[in-house]
Each structure stands twice: as C-alpha cells, then as structure tokens.
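Right, one structure below, let's go through it.
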2 protein chains.
Amino acid sequence: MAYATAIESLADPTRRRIFERLRLGPAPVGVIARGLPVSRPAVSQHLKVLREAGLVVDQARGTRRVYSIDPAGLAELRAWLDQFWTEALTSFKAEVESAPRGPRRKA
Amino acid sequence: MAYATAIESLADPTRRRIFERLRLGPAPVGVIARGLPVSRPAVSQHLKVLREAGLVVDQARGTRRVYSIDPAGLAELRAWLDQFWTEALTSFKAEVESAPRGPRRKA
DNA sequence: GCTTACGGTAAGCAATAACTTACCTTCTGT
DNA sequence: ACAGAAGGTAAGTTATTGCTTACCGTAAGC
C-alpha cells in the first residue's frame, strides 16, 4: 500500500524537481533549496514527505543533512505500475481490434 | 513532459480506484460509478482528467461511453521512473558503502 | 564557552481541487 | 415522435496543501 504515498509525493512539481536534483547525486538541504524558487523550510517540508514515502533517505553529516534517493519507494511504485502493464496492453489491443464503431469524441 | 500530468492524475485515490477498475477490463461510466462512493458526475470528471493524461481512452457505444486503459500514458510514466532506476541504485549503493558515520535520525 | 551556520518545526494564509446538485444533449426503443 | 436512460458540463462549497515568516535545537570553529 506504500505505492500510494510514493505516487502522491511525486505528484507535486517542486518535489519532483527535488527528486530529480537528487538523481544527480546526494545533496544537503541548503544546496537543494538554492536551486529552487522556494524557501529552505519549504524544501525541508518536501523532503520530509519524500522521506516518509520511502523515496529518499537522509544522513547527518555534522550540521548538514545529506539527502539521497532511496530505491525502496521507487521499487514499490514500479511494481504497482507493472501490474497494469501486461494487462493494459492485452485488453487495449483487444478493444482496438474488435470495436471500431462510433465516433470517439464529439468534434 | 507528459509524465507530469500522468503522475498527477494517479495521485488521487479515487482516480486510482477507477484506473484499477479498468485494469479488470473496459467499462462504461455508470458501471464504474456504481462501485465507488462518489457520484457519477465525479467519475466523469475524473475520467476526463485520466483521458487528458493519456491514461485512458473512451469509445462511444450507443449512449454509453466505454473507457479502457491506454498504455501510452503508462509508458511515459514508466520511462520517467526508469530514468531514476539505475542512477538511484548506483548512487545509493555508493553512499551506503562509503559513509557509515553519523546518526541517521534523532532518536 | 560563545557565536555562527544549518536545518527541522509551528502557525497562518491562499490557491487548488475534489466533491455535490442542477442542467442539457444525445442516443435508443416503442 | 416521444419517453427514458446515459453521460458530459456548470456553478458553488469545502478540505487539502504548499507556501511564507518566525522560532528553536544542535553541531562546528574561534
């Protein structure tokens, strides 16, 4: 059920930017915030959400707190998506091939 | 850039339930709504969002409108996630192995 | 030991969005 | 042709949430 919090976390544009920043490598809060148009506390709050979703991990380094991507949440999300994958492909193909009648949209 | 609308669409619990219902096979709006605790118009609105995100397609069948999963949006989402996959695994492994100092959380 | 830097938390505000009811259009069957 | 069913759209309400500023704890360096 943890895929839910993961996907909900990544729905926010700012959190996606944070997450994508971490894809380049681990970084402390201040550095992450410097590259974004929001305040440092906002970034802290976002990182908390991402951490609780299992998408990032943090590590104390003196007074800094270095964040990096946690594959755990990513794996959950991927697993959930894959549930749809084969199923969607087969049923989609069947639909398209069998029922070509009726307008698809008004105009 | 379409992965953004896809992930934002699936962030909503009700839309996820709709999407998961469609995993079982195509269904008209009324049938989908009957299995959910929200009104039919709400389902219509959700389906519109999912359609614009490329996650579902609809097909007119007389007065019904049958919805089914569209693999397109799913593919975009998967591709975006995969960008993190290898990168995250390697950098995560490197982090864990190299820096075992400092408490990870306060208590 | 004191100052400074870094970052998490609290409180408050404003914008978004998920729902509702009401309405209108369109297709079907008699 | 008309009655009814199915569903998309409009307008309005309410809850959520992402942001801000202010504050506090803690580790590092002189």
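Residues are named by chain letter and number: chains run A, B, ... in the order of the structure tokens, numbers start at 1 in each chain, and ligands are numbered from 1 in the order shown.
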Counting only C-alpha atoms (C1' of nucleotides), which residues in chain D sit no more than 12 Å from region 5-14 of chain A? For each one, give the nearest pair of atoms and the distance in Å, sorted by chain then residue number, as JSON lines.
{"residue": "D:DT17", "atom": "C1'", "partner": "A:Asp12", "partner_atom": "CA", "distance": 10.2}
{"residue": "D:DG18", "atom": "C1'", "partner": "A:Asp12", "partner_atom": "CA", "distance": 9.0}
{"residue": "D:DC19", "atom": "C1'", "partner": "A:Thr14", "partner_atom": "CA", "distance": 11.2}
File of the preceding selection, N, CA and C atoms (P, O5', C5', C4', C3', O3' and C1' of nucleotides), as a PDB file, in the first residue's frame:
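Listing of part16.pdb after writing:
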ATOM      1  P    DT D  17      -3.587  16.748   1.476  1.00  0.00           P
ATOM      2  O5'  DT D  17      -2.710  17.988   0.992  1.00  0.00           O
ATOM      3  C5'  DT D  17      -2.918  18.541  -0.301  1.00  0.00           C
ATOM      4  C4'  DT D  17      -2.006  19.745  -0.483  1.00  0.00           C
ATOM      5  C3'  DT D  17      -0.688  19.674   0.298  1.00  0.00           C
ATOM      6  O3'  DT D  17       0.321  20.353  -0.413  1.00  0.00           O
ATOM      7  C1'  DT D  17      -1.825  21.575   0.927  1.00  0.00           C
ATOM      8  P    DG D  18       1.392  19.505  -1.309  1.00  0.00           P
ATOM      9  O5'  DG D  18       2.311  20.638  -1.947  1.00  0.00           O
ATOM     10  C5'  DG D  18       1.735  21.576  -2.843  1.00  0.00           C
ATOM     11  C4'  DG D  18       2.126  22.996  -2.477  1.00  0.00           C
ATOM     12  C3'  DG D  18       3.575  23.172  -2.020  1.00  0.00           C
ATOM     13  O3'  DG D  18       4.156  24.257  -2.723  1.00  0.00           O
ATOM     14  C1'  DG D  18       2.100  24.160  -0.465  1.00  0.00           C
ATOM     15  P    DC D  19       5.709  24.568  -2.632  1.00  0.00           P
ATOM     16  O5'  DC D  19       5.760  25.913  -1.758  1.00  0.00           O
ATOM     17  C5'  DC D  19       5.416  27.147  -2.368  1.00  0.00           C
ATOM     18  C4'  DC D  19       4.998  28.164  -1.339  1.00  0.00           C
ATOM     19  C3'  DC D  19       6.104  28.635  -0.399  1.00  0.00           C
ATOM     20  O3'  DC D  19       6.803  29.715  -0.985  1.00  0.00           O
ATOM     21  C1'  DC D  19       3.999  28.362   0.721  1.00  0.00           C
TER      22       DC D  19
END
**Request:** Find the spatial neighbours of DG12 (chain D), counting only C-alpha atoms (C1' of nucleotides), within a cut-off of 12 Å - ignore same-chain residues fewer than 3 positions away - and output them as a ChimeraX atom specification.
**Result:** /C:19-22
Show me which bits of chain A are within 8 Å of chain D, counting only C-alpha atoms (C1' of nucleotides), as a CSV table (one decimal) with all heavy atoms, in the first residue's frame.
chain,number,residue,atom,x,y,z
A,38,VAL,N,11.8,28.3,-4.1
A,38,VAL,CA,11.0,28.3,-2.9
A,38,VAL,C,12.0,28.4,-1.7
A,38,VAL,O,13.2,28.2,-1.9
A,38,VAL,CB,10.2,27.0,-2.7
A,38,VAL,CG1,9.1,27.0,-3.8
A,38,VAL,CG2,11.0,25.8,-2.7
A,42,ALA,N,10.5,25.3,3.1
A,42,ALA,CA,9.6,24.6,2.1
A,42,ALA,C,10.3,23.3,1.6
A,42,ALA,O,9.7,22.2,1.6
A,42,ALA,CB,9.2,25.5,0.9
A,62,GLY,N,27.6,16.1,10.3
A,62,GLY,CA,27.9,17.3,11.0
A,62,GLY,C,26.6,18.1,11.1
A,62,GLY,O,25.5,17.5,11.5
A,63,THR,N,26.6,19.3,10.8
A,63,THR,CA,25.4,20.1,10.9
A,63,THR,C,24.5,20.0,9.7
A,63,THR,O,23.4,20.5,9.6
A,63,THR,CB,25.7,21.6,11.2
A,63,THR,OG1,24.6,22.4,11.0
A,63,THR,CG2,26.8,22.1,10.3
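Reported to one decimal place, the separation of CA of Arg64 (chain A) from C1' of DT4 (chain C) is 13.9 Å.
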Tell me the residues of chain C close to chain B, meaning within 8 Å using only C-alpha atoms (C1' of nucleotides), as a short mmCIF file (atom, residue, chain, number, x, y, z; two decimals) with N, CA and C atoms (P, O5', C5', C4', C3', O3' and C1' of nucleotides), in the first residue's frame.
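What follows is the written file selection-v2.cif:
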data_model
loop_
_atom_site.label_atom_id
_atom_site.label_comp_id
_atom_site.auth_asym_id
_atom_site.auth_seq_id
_atom_site.Cartn_x
_atom_site.Cartn_y
_atom_site.Cartn_z
P DC C 19 -13.42 12.92 -5.33
"O5'" DC C 19 -14.89 13.57 -5.23
"C5'" DC C 19 -15.66 13.37 -4.07
"C4'" DC C 19 -16.53 14.58 -3.80
"C3'" DC C 19 -17.91 14.54 -4.44
"O3'" DC C 19 -18.80 13.76 -3.66
"C1'" DC C 19 -16.98 16.75 -4.42
P DT C 26 -26.50 17.40 -29.18
"O5'" DT C 26 -26.57 15.82 -29.00
"C5'" DT C 26 -25.46 15.14 -28.42
"C4'" DT C 26 -25.81 13.68 -28.19
"C3'" DT C 26 -26.50 13.01 -29.38
"O3'" DT C 26 -25.93 11.74 -29.56
"C1'" DT C 26 -27.73 12.64 -27.43
P DC C 27 -25.95 11.13 -31.08
"O5'" DC C 27 -26.50 9.65 -30.84
"C5'" DC C 27 -25.80 8.81 -29.92
"C4'" DC C 27 -26.81 7.93 -29.22
"C3'" DC C 27 -27.62 7.04 -30.17
"O3'" DC C 27 -27.32 5.69 -29.90
"C1'" DC C 27 -28.98 8.05 -28.50
P DT C 28 -27.99 4.53 -30.83
"O5'" DT C 28 -29.21 4.02 -29.95
"C5'" DT C 28 -28.96 3.61 -28.60
"C4'" DT C 28 -30.25 3.16 -27.94
"C3'" DT C 28 -31.10 2.20 -28.79
"O3'" DT C 28 -31.46 1.10 -27.98
"C1'" DT C 28 -32.41 4.03 -28.03
#
**helix (DSSP H, G or I) residues, from DSSP on the backbone, in region 6-104 of chain A, as a ChimeraX atom specification** = /A:6-9,13-23,29-34,40-52,71-98
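Considering only C-alpha atoms, the residue among A:Ile32, A:Trp80, A:Gly73, A:Glu20 positioned nearest to Val49 (chain A) is A:Gly73.
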**Item:** Residue with smallest distance to chain B - pool A:Arg40, A:Arg34, A:Pro71, A:Ala79, counting only C-alpha atoms
**Value:** A:Pro71
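Considering only C-alpha atoms, the residue among B:Ser44, B:Trp85, B:Ala53, B:Ile69 positioned nearest to Leu24 (chain B) is B:Ile69.
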Which of region 3-89 of chain A DSSP labels strand (DSSP E), written as a PDB file with all heavy atoms, in the first residue's frame:
ATOM      1  N   ALA A  27      22.694  15.465  -1.800  1.00  0.00           N
ATOM      2  CA  ALA A  27      22.896  16.893  -1.547  1.00  0.00           C
ATOM      3  C   ALA A  27      22.250  17.284  -0.232  1.00  0.00           C
ATOM      4  O   ALA A  27      21.241  16.706   0.169  1.00  0.00           O
ATOM      5  CB  ALA A  27      22.315  17.707  -2.694  1.00  0.00           C
ATOM      6  N   PRO A  28      22.845  18.286   0.461  1.00  0.00           N
ATOM      7  CA  PRO A  28      22.238  18.801   1.688  1.00  0.00           C
ATOM      8  C   PRO A  28      21.097  19.758   1.360  1.00  0.00           C
ATOM      9  O   PRO A  28      20.982  20.237   0.224  1.00  0.00           O
ATOM     10  CB  PRO A  28      23.389  19.547   2.352  1.00  0.00           C
ATOM     11  CG  PRO A  28      24.298  19.932   1.239  1.00  0.00           C
ATOM     12  CD  PRO A  28      24.160  18.872   0.193  1.00  0.00           C
ATOM     13  N   VAL A  56      13.368   8.988  -0.346  1.00  0.00           N
ATOM     14  CA  VAL A  56      14.709   9.485  -0.060  1.00  0.00           C
ATOM     15  C   VAL A  56      15.142   9.035   1.332  1.00  0.00           C
ATOM     16  O   VAL A  56      14.302   8.682   2.172  1.00  0.00           O
ATOM     17  CB  VAL A  56      14.789  11.032  -0.131  1.00  0.00           C
ATOM     18  CG1 VAL A  56      14.307  11.545  -1.485  1.00  0.00           C
ATOM     19  CG2 VAL A  56      14.001  11.662   0.997  1.00  0.00           C
ATOM     20  N   VAL A  57      16.438   9.035   1.533  1.00  0.00           N
ATOM     21  CA  VAL A  57      16.983   8.788   2.862  1.00  0.00           C
ATOM     22  C   VAL A  57      17.893   9.953   3.222  1.00  0.00           C
ATOM     23  O   VAL A  57      18.450  10.604   2.334  1.00  0.00           O
ATOM     24  CB  VAL A  57      17.796   7.480   2.928  1.00  0.00           C
ATOM     25  CG1 VAL A  57      16.865   6.292   2.902  1.00  0.00           C
ATOM     26  CG2 VAL A  57      18.801   7.411   1.798  1.00  0.00           C
ATOM     27  N   ASP A  58      18.026  10.204   4.518  1.00  0.00           N
ATOM     28  CA  ASP A  58      18.887  11.302   4.921  1.00  0.00           C
ATOM     29  C   ASP A  58      19.961  10.782   5.849  1.00  0.00           C
ATOM     30  O   ASP A  58      19.818   9.752   6.507  1.00  0.00           O
ATOM     31  CB  ASP A  58      18.079  12.388   5.612  1.00  0.00           C
ATOM     32  CG  ASP A  58      17.451  11.881   6.896  1.00  0.00           C
ATOM     33  OD1 ASP A  58      16.861  10.778   6.866  1.00  0.00           O
ATOM     34  OD2 ASP A  58      17.546  12.561   7.923  1.00  0.00           O
ATOM     35  N   GLN A  59      21.027  11.536   5.903  1.00  0.00           N
ATOM     36  CA  GLN A  59      22.179  11.121   6.685  1.00  0.00           C
ATOM     37  C   GLN A  59      22.821  12.362   7.290  1.00  0.00           C
ATOM     38  O   GLN A  59      23.146  13.306   6.574  1.00  0.00           O
ATOM     39  CB  GLN A  59      23.160  10.411   5.763  1.00  0.00           C
ATOM     40  CG  GLN A  59      24.143   9.563   6.489  1.00  0.00           C
ATOM     41  CD  GLN A  59      24.931   8.699   5.536  1.00  0.00           C
ATOM     42  OE1 GLN A  59      24.993   8.996   4.353  1.00  0.00           O
ATOM     43  NE2 GLN A  59      25.561   7.662   6.060  1.00  0.00           N
ATOM     44  N   ALA A  60      22.983  12.354   8.617  1.00  0.00           N
ATOM     45  CA  ALA A  60      23.591  13.515   9.280  1.00  0.00           C
ATOM     46  C   ALA A  60      25.082  13.552   8.970  1.00  0.00           C
ATOM     47  O   ALA A  60      25.783  12.542   9.067  1.00  0.00           O
ATOM     48  CB  ALA A  60      23.372  13.433  10.785  1.00  0.00           C
ATOM     49  N   ARG A  61      25.551  14.731   8.606  1.00  0.00           N
ATOM     50  CA  ARG A  61      26.966  14.942   8.280  1.00  0.00           C
ATOM     51  C   ARG A  61      27.371  16.224   8.970  1.00  0.00           C
ATOM     52  O   ARG A  61      27.447  17.274   8.348  1.00  0.00           O
ATOM     53  CB  ARG A  61      27.129  15.105   6.770  1.00  0.00           C
ATOM     54  CG  ARG A  61      27.103  13.807   6.000  1.00  0.00           C
ATOM     55  CD  ARG A  61      28.378  13.024   6.199  1.00  0.00           C
ATOM     56  NE  ARG A  61      28.609  12.086   5.109  1.00  0.00           N
ATOM     57  CZ  ARG A  61      29.801  11.551   4.872  1.00  0.00           C
ATOM     58  NH1 ARG A  61      30.841  11.876   5.613  1.00  0.00           N
ATOM     59  NH2 ARG A  61      29.950  10.693   3.909  1.00  0.00           N
ATOM     60  N   ARG A  64      25.115  19.443   8.631  1.00  0.00           N
ATOM     61  CA  ARG A  64      24.328  19.252   7.407  1.00  0.00           C
ATOM     62  C   ARG A  64      23.566  17.941   7.462  1.00  0.00           C
ATOM     63  O   ARG A  64      23.919  17.038   8.212  1.00  0.00           O
ATOM     64  CB  ARG A  64      25.204  19.160   6.164  1.00  0.00           C
ATOM     65  CG  ARG A  64      26.427  19.954   6.184  1.00  0.00           C
ATOM     66  CD  ARG A  64      26.407  20.914   5.027  1.00  0.00           C
ATOM     67  NE  ARG A  64      27.174  22.081   5.405  1.00  0.00           N
ATOM     68  CZ  ARG A  64      28.184  22.562   4.698  1.00  0.00           C
ATOM     69  NH1 ARG A  64      28.495  21.983   3.570  1.00  0.00           N
ATOM     70  NH2 ARG A  64      28.824  23.621   5.096  1.00  0.00           N
ATOM     71  N   ARG A  65      22.590  17.892   6.618  1.00  0.00           N
ATOM     72  CA  ARG A  65      21.830  16.650   6.490  1.00  0.00           C
ATOM     73  C   ARG A  65      21.768  16.320   5.014  1.00  0.00           C
ATOM     74  O   ARG A  65      21.123  17.023   4.239  1.00  0.00           O
ATOM     75  CB  ARG A  65      20.439  16.830   7.075  1.00  0.00           C
ATOM     76  CG  ARG A  65      19.744  15.555   7.393  1.00  0.00           C
ATOM     77  CD  ARG A  65      18.602  15.810   8.365  1.00  0.00           C
ATOM     78  NE  ARG A  65      19.059  15.710   9.736  1.00  0.00           N
ATOM     79  CZ  ARG A  65      19.177  14.554  10.379  1.00  0.00           C
ATOM     80  NH1 ARG A  65      18.888  13.426   9.778  1.00  0.00           N
ATOM     81  NH2 ARG A  65      19.596  14.534  11.623  1.00  0.00           N
ATOM     82  N   VAL A  66      22.476  15.282   4.653  1.00  0.00           N
ATOM     83  CA  VAL A  66      22.594  14.942   3.237  1.00  0.00           C
ATOM     84  C   VAL A  66      21.488  13.971   2.832  1.00  0.00           C
ATOM     85  O   VAL A  66      21.310  12.931   3.460  1.00  0.00           O
ATOM     86  CB  VAL A  66      23.979  14.328   2.940  1.00  0.00           C
ATOM     87  CG1 VAL A  66      24.072  13.931   1.479  1.00  0.00           C
ATOM     88  CG2 VAL A  66      25.076  15.308   3.315  1.00  0.00           C
ATOM     89  N   TYR A  67      20.782  14.345   1.791  1.00  0.00           N
ATOM     90  CA  TYR A  67      19.696  13.515   1.296  1.00  0.00           C
ATOM     91  C   TYR A  67      20.099  12.799   0.009  1.00  0.00           C
ATOM     92  O   TYR A  67      20.854  13.339  -0.798  1.00  0.00           O
ATOM     93  CB  TYR A  67      18.457  14.367   1.023  1.00  0.00           C
ATOM     94  CG  TYR A  67      17.717  14.754   2.276  1.00  0.00           C
ATOM     95  CD1 TYR A  67      18.100  15.856   3.030  1.00  0.00           C
ATOM     96  CD2 TYR A  67      16.637  14.001   2.725  1.00  0.00           C
ATOM     97  CE1 TYR A  67      17.422  16.213   4.187  1.00  0.00           C
ATOM     98  CE2 TYR A  67      15.950  14.341   3.874  1.00  0.00           C
ATOM     99  CZ  TYR A  67      16.348  15.446   4.606  1.00  0.00           C
ATOM    100  OH  TYR A  67      15.685  15.783   5.750  1.00  0.00           O
ATOM    101  N   SER A  68      19.580  11.594  -0.138  1.00  0.00           N
ATOM    102  CA  SER A  68      19.802  10.880  -1.389  1.00  0.00           C
ATOM    103  C   SER A  68      18.593  10.006  -1.696  1.00  0.00           C
ATOM    104  O   SER A  68      17.773   9.732  -0.826  1.00  0.00           O
ATOM    105  CB  SER A  68      21.073  10.037  -1.296  1.00  0.00           C
ATOM    106  OG  SER A  68      21.111   9.338  -0.081  1.00  0.00           O
ATOM    107  N   ILE A  69      18.507   9.582  -2.924  1.00  0.00           N
ATOM    108  CA  ILE A  69      17.361   8.781  -3.371  1.00  0.00           C
ATOM    109  C   ILE A  69      17.390   7.399  -2.728  1.00  0.00           C
ATOM    110  O   ILE A  69      18.433   6.768  -2.632  1.00  0.00           O
ATOM    111  CB  ILE A  69      17.359   8.655  -4.902  1.00  0.00           C
ATOM    112  CG1 ILE A  69      16.969   9.997  -5.524  1.00  0.00           C
ATOM    113  CG2 ILE A  69      16.409   7.567  -5.358  1.00  0.00           C
ATOM    114  CD1 ILE A  69      16.850   9.975  -7.029  1.00  0.00           C
TER     115      ILE A  69
END
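Coordinates place CA of Gly54 (chain A) at a distance of 16.9 Å from CA of Gly25 (chain A).
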**Fill in**
CA of Gly30 (chain B) to CA of Leu81 (chain A) measures 25.5 Å
